[in-house]
Amino acid sequence: MSQAHEASLTEHGGHGDDHAHDHHPFHQHHFATMEQQFDASKIGMWLFLATEILLFGGLFVGFGIMQSKHSAAFIAGHHHLDWQMGALNTCFLLISSFTMVMAVWAASNNRNGNKQGILVTNLLLTLGFAGGFMVVKYFEYSHKIHDGLLPGKFFHYTGPDLVPNMFVFFSFYFMMTGLHGFHVLGGMGAITYLIIRSLKGDYTSDYFTPVDLIGLYWHLVDLIWIYLFPLLYLIS
Amino acid sequence: MADVIASPAVHTADHGHHADYLSDPEHKGIWSWMNTVDHKRLGVMYLWCVLAAFFVGGLFALLVRLELMHPGEDFMNAEQYNQAFTLHGAIMVFLFIIPSIPAALGNFILPLMLGAKDVAFPRLNLASFWVYVTGAIMAVTSIVVGGVDTGWTFYTPYSTSTGGAVTMMTMSVFVLGFSSIFTGINFVATVHKLRAPGMGWFQLPLFVWGIYATAIIQVLATPVLGITMVLLVMERAFNIGIFDAQIGGDPVLFQHFFWFYSHPAVYIMILPGMAIISEIIPTFSRRTIFGYRLIALSSVAIALIGFLVWGHHMFTSGESALAASIFSFLTFLVAIPSGIKVFNWIATMYKASISLDTPMLYATSFLLLFGIGGLTGIFLGALSVDIHLHDTYFVVAHFHYVMMGGTVIAFLGGLHYWWPKMFGRMYNESVGKIACGLVFIGFNMTFLTQFFMGSQGMPRRYYTYLDQFQPLHQFSTFGSWVLGAGLMIAAVNLMGALRGPKNAPANPWGGTTLEWQTQSPPITHNFVGQPSIEHNPYDYRNFKVPSDAV
Amino acid sequence: MNTWLRNLFLPNPASIKAEGVDDLFMFILWLNILFFLLIAGLVVLFCIQYKRKSATQKTAHIEHNTALELTWTILPLVLCLVVFFWGFNTYMQASVAPDGAMEIQVTAKKWIWSFGYPDGSVAIGKLWVPANKPVRLIMHSEDVLHAFYVPGFRIKQDVLPNRYTETWFHATEVGDYVIPCTEYCGKGHSEMKAVVKVVSQQDYEKFLEEGDPDEKGLPPEKLGASLYVNLGCSTCHSIDGSKGQGPSWKGIYAQQHKMIDGKSFEVDENYIRTSILQPQSMIVEGYQGIMPSYQGQIRERQLVALIAYIKSLK
Ligand code: HEA
Ligand code: HEA
Ligand code: CUA
Ligand SMILES: [Cu+2]
């Protein structure tokens, strides 16, 4: 983005020269103030989260309708999920949400680098718990794959409790947790980016928009899991 | 309303001429376009893309009409015909009409109208463009590698069982959806945060209100289309068992998902068209708009109620009588705000000073054609009548009147209105009017006939038909040629102007909104200094017509 | 004027539902015409009357007018409510078949309609019904969506693969009425047609006893020619040598045909017979096994007639 010739252009303007104050390095030229820039980003993020909710919303509605259609199959299917694993993952995500809050707090109070350590530590913790979540998912998935409890036409489970249309449950299980898993992975990428930039000292109380926004995103990922967990693991 | 104001178009004169965004020496060469974050350049690039899509979609339409000259097989067999109308519909909807006004004209004009330097997220805007291009390439690939014959509605279980490149096409729709979402997010944030100092919500030009309401629908409805397309692809690829009746799924569920997006999408199509009309009419009437607040709020009302009526596409699908009744009832409610707008526009022309330049000619055509299109929606909303009319040419005629006669006519009006601003050149006014006339006549020849055929029982998506319909079909085909000729002339006129000198004044029509306060074409940063908001838009009491206005 | 418009837009009403629908249709049509004339009239009038006289002409500054705005909010609202209730009423009255209606099972598959009668007989492509009796149709599809539409009766209902849907009618006039399929179903969609044959009660009873009177007394070849259309063979098979969904019938008799499994057969009476009754057992090279089986839906006499017809196509 070309902030360079910005100054020269505003010179021409007779009025409205509110660019007189000095430029923060991350200030984009089309915003009048840092505050305006922050608010705009925040609105953008909330809108993005709304689209995420609707995206998952479609799957939730589909799940609800299929469940009422094949309720026996869904109940039989959910017995193959390990609720303890699910609960463990719920804990991981809840704690990681907390560490994320801490990170945002640290960033927003980071004056002259006094909260730098807290910021980085909490981001690392968040990343760690997210990683833990993925490890647990890995064990759950490999167990299902081993049993042939797979979506759609790949379903080849033959155990005694086989119920017609059980594959539909696993179609939804894999689509929903899979989509959620991708979001966790995406979040891990984003948090890694935050860690790198925090280490460079980019985030201070004057500018911590990315930490704030990715924090919001991370809470949403957490929240979706809070709905997925009872829906998939605890139906009855 | 606060005291009105206009201190128009004088600023530019004070400051002499600056290099404009097209010829800015700091941004030269192809690469500077490919990775530009300037909303004006992105708007222009979008414009070329949607016009190309319109052209390709139009060619398919002409082929469809040609095949329908006679009953029986003329030059396409059933399979080719099915692909032709599917591609016509899909290209027109997903590649042309949805991005057309918001992404092309909206991108260019909206920040100018707000007195902003750019949209809130310029890089997201760039991403939106390239995502669109990716989606378009995927759509073209799917045509090349096998074609698609599902209809633009992709109804299951046909779409899960037919061959061809359906998977590629649905993925392309998925990708295009993201582009639309990005645009929507950008505009909402821009309108909230980047208004010039002093510009309150009720000082926004109505174009901005319309695009804002559209953006809300884009953000809230498109993700559902996205997940629907994913489920469809999954069903095709892995038989997940949600839509396919053979394995326990529910094909009608797909229709609910699809229309939950696609009905709001028809308002994504029309609201920007209405937004343009709300600009053109006051400018060429030189009169303040009648009922500003009602027009502004009715856009939002349409956007919100529009989410609740999707079931009116499914009256014959086997949905329950209760559901059908509720959907029918709500359908009538959405008609009211549209009516308010139509009458407010007409009232704006009362005691005005009307000049029928090309954009205004399109705006008046819009009033008549959208009127017919909207009013015929009333037939379709009425339960027992829709049972008879559903999936006949009556529906085809209805939606062409609103989409082609409404949105596309408004889009053409907008192009002629802002062309001088965008490119700094005036087109030939007489040729513009002739083209508009031909489009109007050709359009009515093509589609008025289809109302009669439809209610007489001519089903849609038929490549052959009973002999009794031949005269009307033939007449309709002739009409499509007149229409095509009119559009061609308009295109040659506009494109031809680009080769001439930059002769457009800053404010050729005497408009009061902010985009007319900067030079034509605008400089890279839009305004020299911060434009002043001393008046509500459309206030002509103290307006001084610039001496070089046409 | 009203009758003229009615005939311009609507086919002859031939069922008791049609009247109610048509009255509402005409009401909305007049409403449309009225509002269109109002809009067009005002636009044209204003364009003429308030044409710009000079570049600096001043205009009235009218920001709004509450009374007017209320008028054009409330008036359309009231009219819309009228249309809604009227449409709702005619729809509800027509939604449930009266008790004692005669029941017919309708099966749709790509791209033929077949009708199962209470006595167990099945007719393809022709729905024989008595006039002035309510008839209830219970419908399902064997593959994709189709829709059962009779423009003359103003009824339409989608036919679904996973469940039964129903509609009913009460025909008032003897005659033939087309049934076009109106839910897009692929290649043969435009040609997926059947006919409702509304006949008098005597003729209907005669049909039940003796079968289709249209078929009686025709020499086999002629009958075959009409079955070619009525049974839907023409959707897939041409008789002029051009390739369709299935092979053309032109000159196939006594030819050698290769199947996709490499075997080869001579096209004789037996081969044709098996092709019609068990099409999946032998699939001709270069085609897919999409032909539906006609087992149990076609009478011996019809089979013979078809064979004779195919033989006659040189
Ligand atoms: C730009 C797109 C657009 C717009 C704006 C509309 C607007 C409306 N549409 Fe349309 N519609 C489509 C695009 C659009 N539609 C498409 C694409 C399809 C078919 C898709 C497919 O199947 O492929 C369709 C199909 C469709 C159906 C389903 C038909 C069927 O398949 O059986 C219905 C049914 O209710 C319907 C109704 C309406 C109504 C009531 C409005 C209203 O919003 C109109 C409101 C406007 C007015 C009413 C005119 C102005 C008002 C006045 C002048 C005041 C006076 C009015 C009264 C007294 C009533 N439309
Ligand atoms: C935006 C939406 C849009 C637009 C504009 C059009 C435009 C046209 N449509 Fe479209 N149509 C649809 C959307 C649209 N259609 C949809 C969604 C369907 C349903 C598909 C389905 O059933 O699945 C459909 C179906 C449909 C059918 C029914 C097919 C069937 O059911 O069997 C027919 C038949 O007549 C038809 C005809 C036409 C014609 C003649 C035009 C003409 O107006 C086209 C005129 C355009 C041109 C001739 C191109 C010329 C362009 C240029 C020269 C460039 C211009 C550049 C500048 C002015 C700068 N369309
Ligand atoms: Cu069967 Cu269309
Ligand atoms: Cu709709």
# chains A, B, ... in the order shown; residues from 1 in each chain; ligands from 1

$ residues_near_ligand --ligand "ligand 1" --cutoff "6 Å" --atoms "only C-alpha atoms and all ligand atoms" --output "PyMOL selection string"
(chain B and resi 266-267+269-270+312-313+331-332+334-335+338-339+371+374-375+377-378+380-381+386+390-391+395+399+402-403) or (chain C and resi 35+76+79-80)

$ residues_near_ligand --ligand "ligand 2" --cutoff "6 Å" --atoms "only C-alpha atoms and all ligand atoms" --output "PyMOL selection string"
chain B and resi 51+54-55+58-59+61-62+64-65+85-86+89+92-93+97+151-153+400+403-404+460-462+480+484+487-488+490-491

$ interface_residues --of "chain A" --to "chain B" --cutoff "6 Å" --atoms "only C-alpha atoms" --output "ChimeraX atom specification"
/A:10,13,16,30,40,43-44,51,54-55,58,152-153,168,171

$ atom_distance --atom1 "CA of Tyr294 in chain C" --atom2 "CA of Thr235 in chain C"
14.6 Å

$ residues_near_ligand --ligand "ligand 3" --cutoff "6 Å" --atoms "only C-alpha atoms and all ligand atoms" --output "list in words"
Trp111, His146, Cys181, Thr182, Glu183, Tyr184, Cys185, His189 and Met192 of chain C

$ write_last_selection --atoms "all heavy atoms" --output "CSV table (one decimal), in the first residue's frame"
chain,number,residue,atom,x,y,z
C,111,TRP,N,-38.8,-41.8,-19.2
C,111,TRP,CA,-39.6,-40.6,-19.3
C,111,TRP,C,-41.0,-41.0,-19.7
C,111,TRP,O,-41.5,-40.7,-20.7
C,111,TRP,CB,-38.9,-39.6,-20.3
C,111,TRP,CG,-37.6,-39.1,-19.7
C,111,TRP,CD1,-37.5,-38.1,-18.8
C,111,TRP,CD2,-36.3,-39.5,-20.1
C,111,TRP,NE1,-36.1,-37.9,-18.6
C,111,TRP,CE2,-35.4,-38.7,-19.3
C,111,TRP,CE3,-35.8,-40.5,-20.9
C,111,TRP,CZ2,-34.0,-38.9,-19.4
C,111,TRP,CZ3,-34.4,-40.6,-21.0
C,111,TRP,CH2,-33.5,-39.8,-20.2
C,146,HIS,N,-40.2,-35.6,-11.0
C,146,HIS,CA,-41.0,-35.3,-12.2
C,146,HIS,C,-42.2,-34.4,-11.7
C,146,HIS,O,-42.4,-34.3,-10.4
C,146,HIS,CB,-41.6,-36.5,-12.9
C,146,HIS,CG,-40.5,-37.5,-13.3
C,146,HIS,ND1,-39.9,-37.4,-14.6
C,146,HIS,CD2,-39.9,-38.5,-12.7
C,146,HIS,CE1,-39.0,-38.3,-14.7
C,146,HIS,NE2,-39.0,-39.0,-13.6
C,181,CYS,N,-44.8,-33.2,-18.4
C,181,CYS,CA,-44.0,-33.2,-17.2
C,181,CYS,C,-43.4,-31.9,-17.0
C,181,CYS,O,-42.7,-31.3,-17.9
C,181,CYS,CB,-42.9,-34.3,-17.3
C,181,CYS,SG,-41.7,-34.2,-15.9
C,182,THR,N,-43.5,-31.3,-15.8
C,182,THR,CA,-43.0,-29.9,-15.6
C,182,THR,C,-41.9,-29.8,-14.6
C,182,THR,O,-41.5,-28.7,-14.2
C,182,THR,CB,-44.1,-28.9,-15.2
C,182,THR,OG1,-44.8,-29.5,-14.1
C,182,THR,CG2,-45.0,-28.6,-16.3
C,183,GLU,N,-41.4,-30.9,-14.1
C,183,GLU,CA,-40.2,-30.8,-13.3
C,183,GLU,C,-39.0,-31.4,-14.1
C,183,GLU,O,-39.1,-32.5,-14.6
C,183,GLU,CB,-40.3,-31.5,-12.0
C,183,GLU,CG,-39.1,-31.4,-11.0
C,183,GLU,CD,-38.9,-29.9,-10.7
C,183,GLU,OE1,-39.7,-29.3,-9.9
C,183,GLU,OE2,-37.9,-29.3,-11.2
C,184,TYR,N,-38.0,-30.6,-14.3
C,184,TYR,CA,-36.9,-30.9,-15.2
C,184,TYR,C,-36.3,-32.3,-14.8
C,184,TYR,O,-36.0,-32.5,-13.7
C,184,TYR,CB,-35.8,-29.9,-15.2
C,184,TYR,CG,-34.6,-30.2,-16.0
C,184,TYR,CD1,-34.7,-30.3,-17.3
C,184,TYR,CD2,-33.4,-30.5,-15.3
C,184,TYR,CE1,-33.6,-30.7,-18.1
C,184,TYR,CE2,-32.3,-30.9,-16.1
C,184,TYR,CZ,-32.4,-31.0,-17.4
C,184,TYR,OH,-31.3,-31.3,-18.2
C,185,CYS,N,-36.3,-33.2,-15.8
C,185,CYS,CA,-35.9,-34.6,-15.5
C,185,CYS,C,-34.9,-35.1,-16.5
C,185,CYS,O,-34.7,-36.3,-16.6
C,185,CYS,CB,-37.1,-35.5,-15.3
C,185,CYS,SG,-38.1,-35.5,-16.8
C,189,HIS,N,-37.2,-34.9,-20.9
C,189,HIS,CA,-38.1,-34.0,-20.2
C,189,HIS,C,-39.2,-33.4,-21.1
C,189,HIS,O,-40.4,-33.5,-20.9
C,189,HIS,CB,-37.4,-33.0,-19.4
C,189,HIS,CG,-38.2,-31.9,-18.8
C,189,HIS,ND1,-39.1,-32.1,-17.9
C,189,HIS,CD2,-38.2,-30.5,-19.0
C,189,HIS,CE1,-39.7,-30.9,-17.5
C,189,HIS,NE2,-39.1,-30.0,-18.2
C,192,MET,N,-41.7,-36.0,-22.2
C,192,MET,CA,-42.4,-36.9,-21.3
C,192,MET,C,-43.9,-36.4,-21.1
C,192,MET,O,-44.2,-35.6,-20.3
C,192,MET,CB,-41.7,-36.7,-19.9
C,192,MET,CG,-42.3,-37.6,-18.8
C,192,MET,SD,-41.1,-37.8,-17.5
C,192,MET,CE,-42.2,-38.6,-16.3

$ select_by_dssp --residues "range 71-173 of chain A" --states "helix (DSSP H, G or I)" --output "number ranges by chain"
A: 71-78, 83-108, 116-147, 152-154, 166-173

$ closest_atom_pairs --of "chain B" --to "ligand 4" --cutoff "8 Å" --atoms "only C-alpha atoms and all ligand atoms" --output "CSV"
residue,atom,partner,partner_atom_place_in_ligand_line,distance
B:Trp259,CA,ligand 4,1 (Cu),7.3
B:Ser262,CA,ligand 4,1 (Cu),7.1
B:His263,CA,ligand 4,1 (Cu),4.1
B:Pro264,CA,ligand 4,1 (Cu),7.3
B:Val266,CA,ligand 4,1 (Cu),6.7
B:Val309,CA,ligand 4,1 (Cu),6.7
B:Trp310,CA,ligand 4,1 (Cu),5.6
B:Gly311,CA,ligand 4,1 (Cu),7.7
B:His312,CA,ligand 4,1 (Cu),6.2
B:His313,CA,ligand 4,1 (Cu),6.0

$ residues_around --residues "range 274-290 of chain C" --least-positions-apart "6" --cutoff "8 Å" --atoms "only C-alpha atoms" --output "list in words"
Gln245, Gly246, Pro247, His257, Lys258, Met259, Ile260 and Asp261 of chain C

$ closest_atom_pairs --of "chain B" --to "chain C" --cutoff "6 Å" --atoms "only C-alpha atoms" --output "CSV"
residue,atom,partner,partner_atom,distance
B:Ala78,CA,C:Lys187,CA,5.5
B:Glu79,CA,C:Lys187,CA,5.5
B:Pro157,CA,C:Val144,CA,5.5
B:Tyr158,CA,C:Val144,CA,5.5
B:Ala245,CA,C:Asn162,CA,5.3
B:Arg287,CA,C:Thr59,CA,5.9
B:Phe290,CA,C:Glu63,CA,5.1
B:Gly291,CA,C:His64,CA,4.7
B:Thr316,CA,C:Gln157,CA,5.0
B:Ser317,CA,C:Asp158,CA,5.1
B:Phe332,CA,C:Cys80,CA,5.9
B:Lys351,CA,C:Ala60,CA,5.9
B:Ala352,CA,C:Thr59,CA,5.3
B:Ser353,CA,C:Arg52,CA,4.3
B:Ile354,CA,C:Lys51,CA,4.7
B:Ser355,CA,C:Arg52,CA,5.5
B:Leu375,CA,C:Asn32,CA,5.8
B:Ala382,CA,C:Gly87,CA,4.9
B:Leu383,CA,C:Gly87,CA,5.0
B:Ser384,CA,C:Tyr91,CA,4.7
B:Val385,CA,C:Val21,CA,5.8
B:Ile387,CA,C:Lys156,CA,5.7
B:His388,CA,C:Arg154,CA,4.9
B:Phe452,CA,C:Phe9,CA,5.1
B:Ser455,CA,C:Phe9,CA,5.5
B:Gln456,CA,C:Leu10,CA,5.0
B:Gly457,CA,C:Pro151,CA,5.3
B:Pro459,CA,C:Thr182,CA,5.8
B:Tyr462,CA,C:Ser190,CA,4.6

$ closest_residue --among "A:Phe26, A:Phe129, A:Val135, A:Met175" --to "Pro151 in chain A" --atoms "only C-alpha atoms"
A:Met175

$ residues_around --residues "Leu415 in chain B" --least-positions-apart "2" --cutoff "12 Å" --atoms "only C-alpha atoms" --output "PyMOL selection string"
chain B and resi 44+47-48+51+100-101+104-106+108-109+273+276-277+280+358-360+362-363+408-413+417-423+426-427+432+490-491+493-495

$ residues_around --residues "Leu162 in chain A" --least-positions-apart "6" --cutoff "12 Å" --atoms "only C-alpha atoms" --output "VMD selection string"
chain A and resid 72 to 80 147 to 149 155 to 156

$ decode --residues "range 185-196 of chain A" --atoms "N, CA and C atoms" --output "short mmCIF file (atom, residue, chain, number, x, y, z; two decimals), in the first residue's frame"
data_model
loop_
_atom_site.label_atom_id
_atom_site.label_comp_id
_atom_site.auth_asym_id
_atom_site.auth_seq_id
_atom_site.Cartn_x
_atom_site.Cartn_y
_atom_site.Cartn_z
N LEU A 185 -7.02 -25.91 12.50
CA LEU A 185 -5.71 -25.83 11.84
C LEU A 185 -5.45 -24.41 11.35
N GLY A 186 -6.48 -23.81 10.74
CA GLY A 186 -6.33 -22.43 10.28
C GLY A 186 -5.98 -21.52 11.44
N GLY A 187 -6.66 -21.74 12.57
CA GLY A 187 -6.40 -20.93 13.75
C GLY A 187 -4.96 -21.11 14.22
N MET A 188 -4.48 -22.35 14.16
CA MET A 188 -3.10 -22.59 14.59
C MET A 188 -2.12 -21.83 13.70
N GLY A 189 -2.42 -21.83 12.41
CA GLY A 189 -1.57 -21.05 11.49
C GLY A 189 -1.58 -19.59 11.90
N ALA A 190 -2.77 -19.07 12.17
CA ALA A 190 -2.89 -17.65 12.49
C ALA A 190 -2.17 -17.33 13.79
N ILE A 191 -2.28 -18.24 14.76
CA ILE A 191 -1.62 -17.98 16.05
C ILE A 191 -0.11 -18.01 15.89
N THR A 192 0.36 -18.93 15.05
CA THR A 192 1.79 -18.96 14.79
C THR A 192 2.26 -17.62 14.22
N TYR A 193 1.46 -17.10 13.30
CA TYR A 193 1.79 -15.79 12.73
C TYR A 193 1.83 -14.72 13.82
N LEU A 194 0.86 -14.78 14.74
CA LEU A 194 0.85 -13.80 15.83
C LEU A 194 2.11 -13.92 16.67
N ILE A 195 2.53 -15.17 16.92
CA ILE A 195 3.71 -15.37 17.77
C ILE A 195 4.92 -14.73 17.10
N ILE A 196 5.05 -15.01 15.79
CA ILE A 196 6.22 -14.45 15.10
C ILE A 196 6.22 -12.93 15.18
#
